[in-house]
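One file, model-v8.cif, is given below (mmCIF, C-alpha atoms and all ligand atoms).
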```cif
data_upload
loop_
_atom_site.label_atom_id
_atom_site.label_comp_id
_atom_site.auth_asym_id
_atom_site.auth_seq_id
_atom_site.Cartn_x
_atom_site.Cartn_y
_atom_site.Cartn_z
CA MET Q 1 69.21 98.50 61.56
CA SER Q 2 69.81 99.06 65.22
CA ALA Q 3 68.46 96.51 67.72
CA PRO Q 4 66.69 97.76 70.86
CA ALA Q 5 69.01 97.87 73.89
CA ALA Q 6 67.06 95.18 75.77
CA ASN Q 7 67.74 92.66 72.99
CA LEU Q 8 71.52 93.00 73.09
CA ARG Q 9 73.43 89.96 74.37
CA ILE Q 10 77.12 89.63 74.98
CA ASP Q 11 78.83 86.55 73.54
CA PRO Q 12 79.95 84.48 76.58
CA ASP Q 13 82.17 82.15 74.52
CA ARG Q 14 83.97 84.98 72.76
CA LEU Q 15 84.56 86.73 76.10
CA TRP Q 16 85.88 83.55 77.77
CA ALA Q 17 88.13 82.78 74.80
CA THR Q 18 89.55 86.30 74.96
CA VAL Q 19 90.26 85.93 78.70
CA MET Q 20 91.98 82.56 78.11
CA ASP Q 21 93.94 83.72 75.04
CA THR Q 22 95.36 86.85 76.62
CA ALA Q 23 96.19 84.89 79.80
CA LYS Q 24 98.99 83.32 77.73
CA ILE Q 25 100.81 86.67 77.81
CA GLY Q 26 102.82 86.20 80.99
CA GLY Q 27 101.08 82.88 81.67
CA THR Q 28 102.64 80.80 84.46
CA GLU Q 29 103.00 77.04 84.75
CA LYS Q 30 100.49 76.93 87.58
CA GLY Q 31 97.83 78.57 85.41
CA GLY Q 32 98.19 82.14 86.62
CA ILE Q 33 99.68 85.28 85.09
CA CYS Q 34 102.87 87.19 85.91
CA ARG Q 35 102.46 90.50 84.09
CA LEU Q 36 104.05 93.19 86.20
CA THR Q 37 103.32 96.74 85.16
CA LEU Q 38 105.53 98.40 82.50
CA THR Q 39 107.46 95.19 81.73
CA ASP Q 40 107.81 93.78 78.20
CA LEU Q 41 104.88 91.46 78.95
CA ASP Q 42 102.74 94.44 79.95
CA ARG Q 43 103.74 96.08 76.64
CA GLN Q 44 102.72 92.91 74.80
CA VAL Q 45 99.23 92.79 76.33
CA ARG Q 46 98.83 96.55 75.77
CA ASP Q 47 99.78 96.16 72.11
CA TRP Q 48 97.24 93.35 71.80
CA PHE Q 49 94.54 95.45 73.52
CA VAL Q 50 95.18 98.53 71.36
CA ALA Q 51 95.02 96.41 68.19
CA ALA Q 52 91.81 94.68 69.30
CA CYS Q 53 90.16 98.01 70.10
CA ARG Q 54 91.21 99.54 66.76
CA GLU Q 55 89.83 96.46 65.04
CA ALA Q 56 86.56 97.14 66.90
CA GLY Q 57 86.52 100.60 65.33
CA CYS Q 58 87.77 102.55 68.32
CA ALA Q 59 90.03 105.59 68.43
CA VAL Q 60 92.79 104.92 70.97
CA THR Q 61 94.46 107.64 73.03
CA ILE Q 62 97.12 107.22 75.70
CA ASP Q 63 97.76 109.73 78.47
CA ASP Q 64 101.10 110.59 80.06
CA MET Q 65 100.61 107.93 82.76
CA GLY Q 66 100.16 105.24 80.13
CA ASN Q 67 96.41 104.88 80.73
CA ILE Q 68 94.80 103.61 77.51
CA PHE Q 69 91.40 104.97 76.40
CA ALA Q 70 89.63 103.17 73.54
CA ARG Q 71 86.66 105.21 72.37
CA ARG Q 72 83.68 103.98 70.40
CA PRO Q 73 81.89 107.04 69.03
CA GLY Q 74 78.29 107.81 69.96
CA ARG Q 75 75.59 109.92 68.35
CA ASP Q 76 76.88 113.06 70.10
CA ASN Q 77 80.64 113.06 70.41
CA SER Q 78 80.74 116.37 72.25
CA LEU Q 79 79.44 114.44 75.29
CA LYS Q 80 81.75 113.03 77.94
CA PRO Q 81 82.19 109.28 77.44
CA ILE Q 82 80.72 106.56 79.64
CA ALA Q 83 83.75 104.53 80.69
CA ILE Q 84 84.41 100.89 81.50
CA GLY Q 85 87.81 100.51 83.15
CA SER Q 86 90.06 98.14 85.08
CA HIS Q 87 93.64 96.87 84.77
CA LEU Q 88 95.66 94.38 82.70
CA ASP Q 89 98.67 94.29 85.04
CA THR Q 90 98.92 91.49 87.61
CA GLN Q 91 100.74 90.45 90.76
CA PRO Q 92 103.94 88.37 90.26
CA THR Q 93 101.87 85.27 91.03
CA GLY Q 94 98.54 86.70 89.93
CA GLY Q 95 95.48 85.03 88.51
CA LYS Q 96 93.70 85.21 85.16
CA PHE Q 97 90.76 87.30 86.34
CA ASP Q 98 91.73 90.10 88.74
CA GLY Q 99 91.48 93.31 86.69
CA VAL Q 100 91.66 91.48 83.40
CA ILE Q 101 87.96 90.62 83.16
CA GLY Q 102 87.07 94.28 83.77
CA VAL Q 103 88.98 95.40 80.68
CA LEU Q 104 88.10 92.42 78.47
CA ALA Q 105 84.39 92.59 79.38
CA GLY Q 106 84.59 96.22 78.26
CA LEU Q 107 85.97 95.05 74.93
CA GLU Q 108 83.16 92.47 74.74
CA VAL Q 109 80.63 95.28 75.29
CA LEU Q 110 82.15 97.20 72.34
CA ARG Q 111 82.06 94.10 70.13
CA THR Q 112 78.43 93.41 71.10
CA LEU Q 113 77.41 96.98 70.24
CA ASN Q 114 79.22 96.66 66.91
CA ASP Q 115 77.57 93.34 66.04
CA ALA Q 116 74.14 94.85 66.67
CA GLY Q 117 74.99 98.11 64.93
CA PHE Q 118 73.82 99.82 68.10
CA GLU Q 119 74.47 103.52 68.42
CA THR Q 120 74.80 104.95 71.92
CA ASN Q 121 74.12 108.57 72.62
CA ALA Q 122 77.46 109.31 74.32
CA PRO Q 123 80.76 107.71 73.31
CA ILE Q 124 81.70 104.54 75.21
CA GLU Q 125 85.29 104.14 76.36
CA VAL Q 126 87.19 101.12 77.61
CA ILE Q 127 90.15 101.97 79.84
CA ASP Q 128 93.25 100.07 80.93
CA TRP Q 129 94.56 101.84 84.06
CA THR Q 130 98.34 101.60 84.52
CA ASN Q 131 99.83 99.99 87.64
CA GLU Q 132 96.77 99.11 89.64
CA GLU Q 133 98.61 96.37 91.50
CA GLY Q 134 101.45 98.41 92.96
CA SER Q 135 103.56 95.29 93.16
CA ARG Q 136 106.46 96.57 91.05
CA PHE Q 137 105.97 100.28 91.77
CA ALA Q 138 104.27 101.23 95.08
CA PRO Q 139 101.74 102.58 95.78
CA ALA Q 140 98.89 100.66 94.17
CA MET Q 141 96.31 102.37 91.91
CA LEU Q 142 98.99 104.87 90.99
CA SER Q 143 97.65 106.08 87.64
CA SER Q 144 93.97 106.22 88.54
CA GLY Q 145 95.27 108.13 91.58
CA VAL Q 146 97.04 110.67 89.34
CA PHE Q 147 93.92 110.84 87.15
CA ALA Q 148 91.85 111.73 90.24
CA GLY Q 149 94.40 114.19 91.64
CA ALA Q 150 95.40 112.03 94.63
CA PHE Q 151 99.08 111.97 93.49
CA ASP Q 152 100.97 114.24 91.14
CA ARG Q 153 102.54 112.97 87.97
CA ASP Q 154 106.14 113.69 88.91
CA TYR Q 155 105.74 111.82 92.19
CA ALA Q 156 104.48 108.85 90.13
CA TYR Q 157 107.35 109.10 87.62
CA ALA Q 158 109.90 109.02 90.46
CA ARG Q 159 108.62 105.73 91.96
CA THR Q 160 111.30 103.05 91.58
CA ASP Q 161 111.22 99.27 91.47
CA ARG Q 162 113.63 97.08 93.46
CA GLU Q 163 116.23 97.34 90.71
CA GLY Q 164 116.11 101.12 90.91
CA LYS Q 165 114.32 101.60 87.58
CA SER Q 166 111.87 104.48 87.64
CA PHE Q 167 108.22 104.38 86.63
CA GLY Q 168 108.74 107.33 84.24
CA ALA Q 169 111.70 105.70 82.47
CA GLU Q 170 110.00 102.33 82.16
CA LEU Q 171 106.81 103.93 80.84
CA ALA Q 172 108.83 105.65 78.10
CA ARG Q 173 110.85 102.49 77.41
CA ILE Q 174 107.78 100.39 76.61
CA GLY Q 175 106.44 103.20 74.40
CA TYR Q 176 103.33 104.03 76.43
CA ARG Q 177 104.08 107.54 77.65
CA GLY Q 178 101.32 109.35 75.79
CA GLU Q 179 100.73 113.02 75.10
CA THR Q 180 97.46 113.81 76.88
CA PRO Q 181 97.96 115.10 80.44
CA CYS Q 182 96.56 112.49 82.83
CA GLY Q 183 93.24 113.64 84.29
CA ALA Q 184 92.49 116.22 81.58
CA HIS Q 185 90.12 113.69 80.08
CA ARG Q 186 86.63 113.86 81.66
CA LEU Q 187 84.26 110.93 82.14
CA ALA Q 188 80.45 110.98 82.40
CA ALA Q 189 80.53 107.76 84.44
CA HIS Q 190 82.88 104.85 85.22
CA PHE Q 191 81.92 101.18 85.63
CA GLU Q 192 84.30 98.42 86.70
CA LEU Q 193 83.61 94.69 86.62
CA HIS Q 194 85.89 92.77 89.00
CA ILE Q 195 86.07 89.49 90.89
CA GLU Q 196 84.95 89.86 94.50
CA GLN Q 197 88.26 88.69 96.01
CA GLY Q 198 86.21 87.54 99.01
CA PRO Q 199 83.95 84.57 99.84
CA ILE Q 200 80.52 86.18 100.30
CA LEU Q 201 78.89 85.82 96.85
CA GLU Q 202 80.03 82.23 96.45
CA ALA Q 203 78.80 81.29 99.93
CA GLU Q 204 75.37 82.78 99.24
CA GLY Q 205 75.10 81.39 95.72
CA ARG Q 206 74.74 84.80 94.09
CA SER Q 207 76.34 85.69 90.78
CA ILE Q 208 76.40 89.50 91.06
CA GLY Q 209 77.62 91.90 93.75
CA ILE Q 210 76.14 95.40 93.53
CA VAL Q 211 79.07 97.32 94.95
CA THR Q 212 77.92 100.31 96.98
CA GLY Q 213 81.36 101.53 98.03
CA VAL Q 214 84.84 100.73 99.26
CA GLN Q 215 85.41 100.49 102.98
CA GLY Q 216 87.59 102.96 104.85
CA MET Q 217 90.98 101.76 105.96
CA ARG Q 218 93.45 103.00 108.58
CA TRP Q 219 96.91 101.63 109.33
CA TYR Q 220 98.88 102.08 112.55
CA GLU Q 221 102.34 101.24 113.83
CA VAL Q 222 102.63 100.46 117.51
CA THR Q 223 105.78 100.40 119.62
CA VAL Q 224 105.62 98.77 123.05
CA THR Q 225 108.56 99.42 125.34
CA GLY Q 226 109.17 97.38 128.50
CA SER Q 227 112.43 96.26 130.01
CA GLU Q 228 114.76 93.43 128.96
CA SER Q 229 115.91 91.28 131.82
CA HIS Q 230 116.94 87.76 132.75
CA ALA Q 231 114.25 85.12 132.28
CA GLY Q 232 115.46 83.13 135.29
CA SER Q 233 116.26 85.70 137.93
CA THR Q 234 113.51 88.31 137.42
CA PRO Q 235 110.49 87.52 139.63
CA MET Q 236 107.11 87.70 137.92
CA PRO Q 237 105.81 90.78 139.77
CA LEU Q 238 108.89 92.82 138.82
CA ARG Q 239 108.76 92.24 135.06
CA LYS Q 240 108.00 94.73 132.31
CA ASP Q 241 107.34 92.19 129.59
CA ALA Q 242 106.65 94.05 126.32
CA LEU Q 243 105.52 90.91 124.48
CA LEU Q 244 103.04 89.96 127.19
CA ALA Q 245 101.53 93.47 127.01
CA ALA Q 246 101.56 93.37 123.20
CA SER Q 247 99.78 90.01 123.28
CA ARG Q 248 96.98 91.52 125.36
CA MET Q 249 96.87 94.38 122.85
CA VAL Q 250 96.48 91.96 119.92
CA VAL Q 251 93.50 90.41 121.71
CA ALA Q 252 92.10 93.90 122.40
CA VAL Q 253 92.37 94.88 118.71
CA ASN Q 254 90.39 91.78 117.80
CA ALA Q 255 87.77 92.70 120.42
CA VAL Q 256 87.39 96.17 118.89
CA ALA Q 257 86.36 94.63 115.57
CA LEU Q 258 83.94 92.24 117.30
CA ALA Q 259 82.41 95.16 119.21
CA HIS Q 260 81.61 96.83 115.89
CA ALA Q 261 80.24 93.70 114.20
CA PRO Q 262 79.27 92.69 111.59
CA ASP Q 263 81.10 95.04 109.20
CA ALA Q 264 84.27 95.87 111.14
CA VAL Q 265 87.55 94.03 110.58
CA ALA Q 266 90.81 94.49 112.49
CA THR Q 267 94.10 92.73 111.94
CA VAL Q 268 97.52 92.59 113.54
CA GLY Q 269 99.50 91.06 110.69
CA LEU Q 270 103.08 91.86 111.60
CA LEU Q 271 104.78 91.66 114.98
CA GLU Q 272 108.45 91.84 115.95
CA SER Q 273 109.72 91.13 119.43
CA ARG Q 274 113.16 92.18 120.68
CA PRO Q 275 115.62 90.83 121.42
CA ASN Q 276 113.76 87.62 120.44
CA SER Q 277 115.88 85.43 122.66
CA ARG Q 278 114.49 82.46 124.60
CA ASN Q 279 115.91 83.43 127.96
CA VAL Q 280 115.42 87.20 127.84
CA ILE Q 281 112.18 88.92 128.86
CA PRO Q 282 111.14 90.85 125.72
CA GLY Q 283 111.94 94.53 126.12
CA ALA Q 284 110.43 95.97 122.94
CA VAL Q 285 107.72 94.96 120.49
CA PHE Q 286 106.71 96.54 117.21
CA PHE Q 287 103.41 95.62 115.57
CA THR Q 288 101.00 96.89 112.94
CA ILE Q 289 97.22 97.34 113.02
CA ASP Q 290 94.88 97.39 110.00
CA LEU Q 291 91.35 98.66 110.81
CA ARG Q 292 88.59 98.70 108.17
CA HIS Q 293 84.91 99.66 108.08
CA PRO Q 294 82.50 100.99 105.42
CA SER Q 295 81.73 104.04 107.58
CA ASP Q 296 84.35 106.65 108.47
CA ALA Q 297 82.43 107.50 111.66
CA VAL Q 298 82.58 103.89 112.87
CA LEU Q 299 86.23 103.72 111.83
CA ALA Q 300 86.92 106.79 113.98
CA ALA Q 301 85.17 105.09 116.90
CA MET Q 302 87.24 101.94 116.31
CA GLU Q 303 90.38 104.06 116.37
CA ALA Q 304 89.36 105.69 119.67
CA ASP Q 305 88.48 102.29 121.21
CA THR Q 306 91.78 100.80 120.05
CA GLU Q 307 93.81 103.65 121.45
CA ALA Q 308 91.99 103.56 124.81
CA ALA Q 309 92.43 99.80 125.08
CA LEU Q 310 96.14 99.91 124.25
CA ARG Q 311 96.84 102.77 126.67
CA GLY Q 312 94.89 100.98 129.40
CA ILE Q 313 96.91 97.79 128.93
CA ALA Q 314 100.18 99.73 128.89
CA ALA Q 315 99.31 101.57 132.12
CA ALA Q 316 98.27 98.36 133.86
CA SER Q 317 101.51 96.65 132.77
CA GLY Q 318 103.77 99.57 133.66
CA ILE Q 319 105.14 99.78 130.14
CA ASP Q 320 105.11 102.50 127.45
CA VAL Q 321 103.17 102.42 124.20
CA GLY Q 322 103.52 104.63 121.11
CA ILE Q 323 100.77 104.55 118.48
CA GLU Q 324 101.23 106.17 115.09
CA ARG Q 325 98.62 106.35 112.34
CA VAL Q 326 100.56 105.85 109.09
CA TRP Q 327 97.75 105.66 106.51
CA ASP Q 328 94.17 106.86 106.29
CA SER Q 329 92.08 105.92 103.28
CA PRO Q 330 88.54 107.26 103.70
CA ALA Q 331 85.50 105.17 102.86
CA VAL Q 332 84.13 105.61 99.34
CA ARG Q 333 80.41 105.71 98.57
CA PHE Q 334 79.68 104.96 94.96
CA ASP Q 335 77.26 107.05 92.90
CA ALA Q 336 73.61 106.25 93.72
CA ASP Q 337 72.47 106.41 90.08
CA CYS Q 338 75.27 104.13 88.86
CA VAL Q 339 74.58 101.68 91.70
CA ALA Q 340 70.86 101.71 90.79
CA ALA Q 341 71.78 101.00 87.16
CA VAL Q 342 73.69 97.88 88.26
CA ARG Q 343 70.89 96.77 90.59
CA ASP Q 344 68.29 97.13 87.80
CA ALA Q 345 70.59 95.43 85.29
CA ALA Q 346 71.07 92.40 87.55
CA ALA Q 347 67.32 92.16 88.18
CA GLY Q 348 66.53 92.61 84.48
CA ALA Q 349 68.94 89.87 83.50
CA GLY Q 350 67.61 87.60 86.25
CA HIS Q 351 70.91 87.15 88.10
CA PRO Q 352 70.77 86.67 91.89
CA ALA Q 353 72.49 89.69 93.39
CA ARG Q 354 73.21 91.39 96.70
CA GLU Q 355 74.71 94.69 97.77
CA ILE Q 356 78.30 94.49 98.91
CA VAL Q 357 81.07 96.84 100.06
CA SER Q 358 84.52 96.24 98.60
CA GLY Q 359 87.08 95.18 101.16
CA ALA Q 360 89.98 95.81 98.78
CA GLY Q 361 91.12 98.95 96.96
CA HIS Q 362 90.38 99.42 93.24
CA ASP Q 363 90.95 102.05 90.53
CA SER Q 364 87.26 102.90 90.94
CA ALA Q 365 87.93 104.13 94.49
CA TYR Q 366 89.99 106.99 93.04
CA ILE Q 367 87.89 107.53 89.90
CA ALA Q 368 84.84 108.00 92.19
CA ARG Q 369 86.44 111.31 93.23
CA VAL Q 370 86.12 112.74 89.71
CA ALA Q 371 83.27 110.86 88.01
CA PRO Q 372 80.06 109.02 89.00
CA THR Q 373 81.36 105.50 89.54
CA THR Q 374 80.44 102.03 90.66
CA MET Q 375 81.60 98.43 90.41
CA ILE Q 376 80.10 95.02 89.68
CA PHE Q 377 81.49 91.97 91.50
CA VAL Q 378 81.34 88.37 90.39
CA PRO Q 379 82.25 85.43 92.65
CA CYS Q 380 85.67 83.81 92.61
CA GLU Q 381 86.33 80.32 93.94
CA LYS Q 382 86.87 80.32 97.73
CA GLY Q 383 87.38 84.07 97.57
CA LEU Q 384 90.94 83.45 96.43
CA SER Q 385 92.87 86.14 94.49
CA HIS Q 386 96.42 87.45 94.12
CA ASN Q 387 97.08 83.75 93.55
CA GLU Q 388 97.76 81.65 90.45
CA ALA Q 389 94.88 79.37 91.46
CA GLU Q 390 92.39 82.26 91.25
CA ARG Q 391 89.31 81.03 89.41
CA ALA Q 392 85.96 82.40 88.26
CA GLU Q 393 83.18 80.44 86.56
CA PRO Q 394 82.58 81.22 82.87
CA ALA Q 395 78.87 81.70 83.65
CA HIS Q 396 79.68 84.26 86.33
CA VAL Q 397 82.07 86.19 84.11
CA ALA Q 398 79.38 86.23 81.42
CA ALA Q 399 76.74 87.38 83.93
CA GLY Q 400 79.02 90.20 85.04
CA ALA Q 401 79.59 91.32 81.44
CA GLU Q 402 75.88 91.19 80.73
CA VAL Q 403 75.11 93.36 83.77
CA LEU Q 404 77.91 95.70 82.71
CA LEU Q 405 76.43 96.09 79.22
CA ARG Q 406 72.93 96.73 80.56
CA ALA Q 407 74.12 99.20 83.22
CA VAL Q 408 76.19 101.17 80.70
CA LEU Q 409 73.32 101.36 78.18
CA ALA Q 410 70.83 102.37 80.90
CA THR Q 411 73.19 105.10 82.06
CA ASP Q 412 73.61 106.33 78.49
CA GLN Q 413 69.82 106.49 78.17
CA ARG Q 414 69.38 108.20 81.54
CA LEU Q 415 71.97 110.89 80.77
CA ALA Q 416 70.38 111.51 77.36
CA ASP Q 417 66.92 111.82 78.96
CA GLN Q 418 68.27 114.21 81.58
CA ALA Q 419 69.96 116.35 78.95
CA ARG Q 420 66.72 116.53 76.96
CA ALA Q 421 64.72 117.46 80.08
CA GLY Q 422 67.32 119.80 81.43
ZN ZN I 1 92.21 94.24 90.58
#
```
Would you give me this structure, written as structure tokens?
Amino acid sequence: MSAPAANLRIDPDRLWATVMDTAKIGGTEKGGICRLTLTDLDRQVRDWFVAACREAGCAVTIDDMGNIFARRPGRDNSLKPIAIGSHLDTQPTGGKFDGVIGVLAGLEVLRTLNDAGFETNAPIEVIDWTNEEGSRFAPAMLSSGVFAGAFDRDYAYARTDREGKSFGAELARIGYRGETPCGAHRLAAHFELHIEQGPILEAEGRSIGIVTGVQGMRWYEVTVTGSESHAGSTPMPLRKDALLAASRMVVAVNAVALAHAPDAVATVGLLESRPNSRNVIPGAVFFTIDLRHPSDAVLAAMEADTEAALRGIAAASGIDVGIERVWDSPAVRFDADCVAAVRDAAAGAGHPAREIVSGAGHDSAYIARVAPTTMIFVPCEKGLSHNEAERAEPAHVAAGAEVLLRAVLATDQRLADQARAG
């Protein structure tokens, strides 16, 4: 006997226990996790995940980037699966929740469907994406990137860690280089539950973030060239002080973000002054700029404003400035139907929610290029993540999993209705 979808409830205690149990694999003394991708600890958590999914009646396939797909059959197995994906790898001093709850809530959804004997129309898949963190092998989101065609597989295989070990060799070593070509596998939709990694939901007392997209991001490297000279014998009007000019530029970068409030952010996070000597007027400064905004058009305007401001300061100071854009990651807008499914699920379950744009990158940002995708955020204490002290409330993790379950089932129903009508 199959229960109606609206009556299904995830088991919050089972989900929390699973999060706490698996956190022991690579668990740190300070209560976090160190589970770098493609290490023996990563293999251990993968082995656990594969076994748990098989126990839940799933067929498990692994692609040639080590992405794991656990499939629970539906009524019509010729349909593309509805996927729930995130990552089990962590930062070297990572927390228990980042990525992990996305995969384990997926497992909880499978277990809930099994307990109720509920049959979906399309198959449901839970996915562990390899190397989301990018800490051991840069760049981040490497395997979802290959899946979406942003990187090619051989480029990924050639990435090396600081000991010179390659991604391809380590993937084979831990036994997770599968047969299926990465990306050949098609998805009907992709949902990802994740901690917010920011302070907004907690500050507003909301338990669910309806994620409408990922903001665009551009990185720049700036070189300011003045003239080194003696700090005592060079009169003020005759100086070409690169650090003084760079300081004005840092203030100008901040002003660009404020001029595009409230959604713009701009950061100078790294600055090097040369020769960095107390009695020499700085002759050269290198610094970086990180600009972010949910709209590519606004981001382009921020870039133009930044460039104009920096060139104006350089001209007024009689020094040279070189500005190079080194990375451009366009804004991502998540699928309107998937976003609506999350909004309705949060309302149906009675969880206070708000729309939010992700400030950080996620596997879903790449998967959105090849499948209708969205994310669900839950609050984390003080917005803290990539930290062993990262913490999420059990009630929030449960709320996120409940919304995930409802959104996936609603999407399954919607796609079935569309197929029937179409
Ligand atoms: Zn993550």
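Considering all atoms listed in the file, the residue among Q:Val222, Q:Leu88, Q:Met249, Q:Val109 positioned nearest to ligand ZN 1 (chain I) is Q:Leu88.
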Using only C-alpha atoms, which residue out of Q:Leu41, Q:Ala51, Q:Ala284, Q:Ala116 lies closest to Pro4 (chain Q)?
->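 Of Q:Leu41, Q:Ala51, Q:Ala284, Q:Ala116, the one nearest Pro4 (chain Q) is Q:Ala116, counting only C-alpha atoms.
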Up to 9 Å from (96.6, 103.0, 105.9) in the file's coordinates: name the residues, counting only C-alpha atoms, as a PyMOL selection string.
-> chain Q and resi 217-220+290-291+325-329
Writing out the chosen residues with C-alpha atoms as a CSV table (one decimal), keeping the file's coordinate frame:
```
chain,number,residue,atom,x,y,z
Q,217,MET,CA,91.0,101.8,106.0
Q,218,ARG,CA,93.4,103.0,108.6
Q,219,TRP,CA,96.9,101.6,109.3
Q,220,TYR,CA,98.9,102.1,112.6
Q,290,ASP,CA,94.9,97.4,110.0
Q,291,LEU,CA,91.4,98.7,110.8
Q,325,ARG,CA,98.6,106.4,112.3
Q,326,VAL,CA,100.6,105.8,109.1
Q,327,TRP,CA,97.8,105.7,106.5
Q,328,ASP,CA,94.2,106.9,106.3
Q,329,SER,CA,92.1,105.9,103.3
```
Selection near Val332 (chain Q), 7 Å with all atoms listed in the file, sequence-local residues under 3 positions removed, as an MDAnalysis selection string = chainID Q and resid 213:215 365
Selection: 7 Å around Arg274 (chain Q), all atoms listed in the file, excl. self and same-chain fewer than 3 positions, as a PyMOL selection string = chain Q and resi 282-285
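Distance-wise, CA of Glu390 (chain Q) and CA of Ala346 (chain Q) end up 23.9 Å apart.
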Residues within 6 Å of region 70-85 of chain Q, all atoms listed in the file, excluding chain neighbours under 2 positions, as a list of chain:residue names =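 Once the nearby chain positions are removed, what remains is Q:Cys58, Q:Ala59, Q:Val60, Q:Val103, Q:Gly106, Q:Glu119, Q:Thr120, Q:Asn121, Q:Ala122, Q:Pro123, Q:Ile124, Q:Glu125, Q:Val126, Q:Ile127, Q:Asp128, Q:Leu187, Q:Ala188, Q:Ala189, Q:His190, Q:Phe191, Q:Glu192.
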Rank Q:Ala410, Q:Leu193, Q:Ala314, Q:Met65 by their smallest atom-to-atom distance to ligand ZN 1 (chain I), using all atoms listed in the file, and report the top residue only.
->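 Ranking Q:Ala410, Q:Leu193, Q:Ala314, Q:Met65 by distance to ligand ZN 1 (chain I), first place goes to Q:Leu193.
Restricting the calculation to all atoms listed in the file, the smallest distance between His362 (chain Q) and any of Q:Val211, Q:Met141, Q:Ala395, Q:Ile62 is found for Q:Met141.
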Rows by chain and residue number, chain Q within 7 Å of ligand ZN 1 (chain I), shortest pair, all atoms listed in the file, as a tab-separated table:
```
residue	atom	partner	partner_atom	distance
Q:His87	CA	I:ZN1	ZN	6.5
Q:Asp98	CA	I:ZN1	ZN	4.6
Q:Gly99	CA	I:ZN1	ZN	4.1
Q:Glu132	CA	I:ZN1	ZN	6.7
Q:Glu133	CA	I:ZN1	ZN	6.8
Q:His194	CA	I:ZN1	ZN	6.7
Q:His362	CA	I:ZN1	ZN	6.1
```
Up to 8 Å from (86.3, 93.7, 108.7) in the file's coordinates: name the residues, counting only C-alpha atoms, as a list in words.
-> Ala257, Pro262, Asp263, Ala264, Val265, Ala266, Leu291, Arg292, His293 and Gly359 of chain Q
List the neighbours of His396 (chain Q) out to 10 Å using all atoms listed in the file; skip same-chain residues closer than 4 positions along the sequence, and give me the result as a list in words.
->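 Counting only the stated atoms, we get Pro12, Ile195, Arg206, Ser207, Ile208, His351, Phe377, Val378, Pro379, Cys380, Ala392, Gly400, Ala401 and Glu402 of chain Q.
Between Asn114 (chain Q) and the candidates Q:Asp13, Q:Glu196, Q:Glu55, Q:Glu388, the tightest atom-to-atom separation, counting only C-alpha atoms, involves Q:Glu55.
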One-decimal distance in Å that lies between CA of Ser385 (chain Q) and CA of Ala261 (chain Q) =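 Calculated distance between CA of Ala261 (chain Q) and CA of Ser385 (chain Q) is 24.6 Å.
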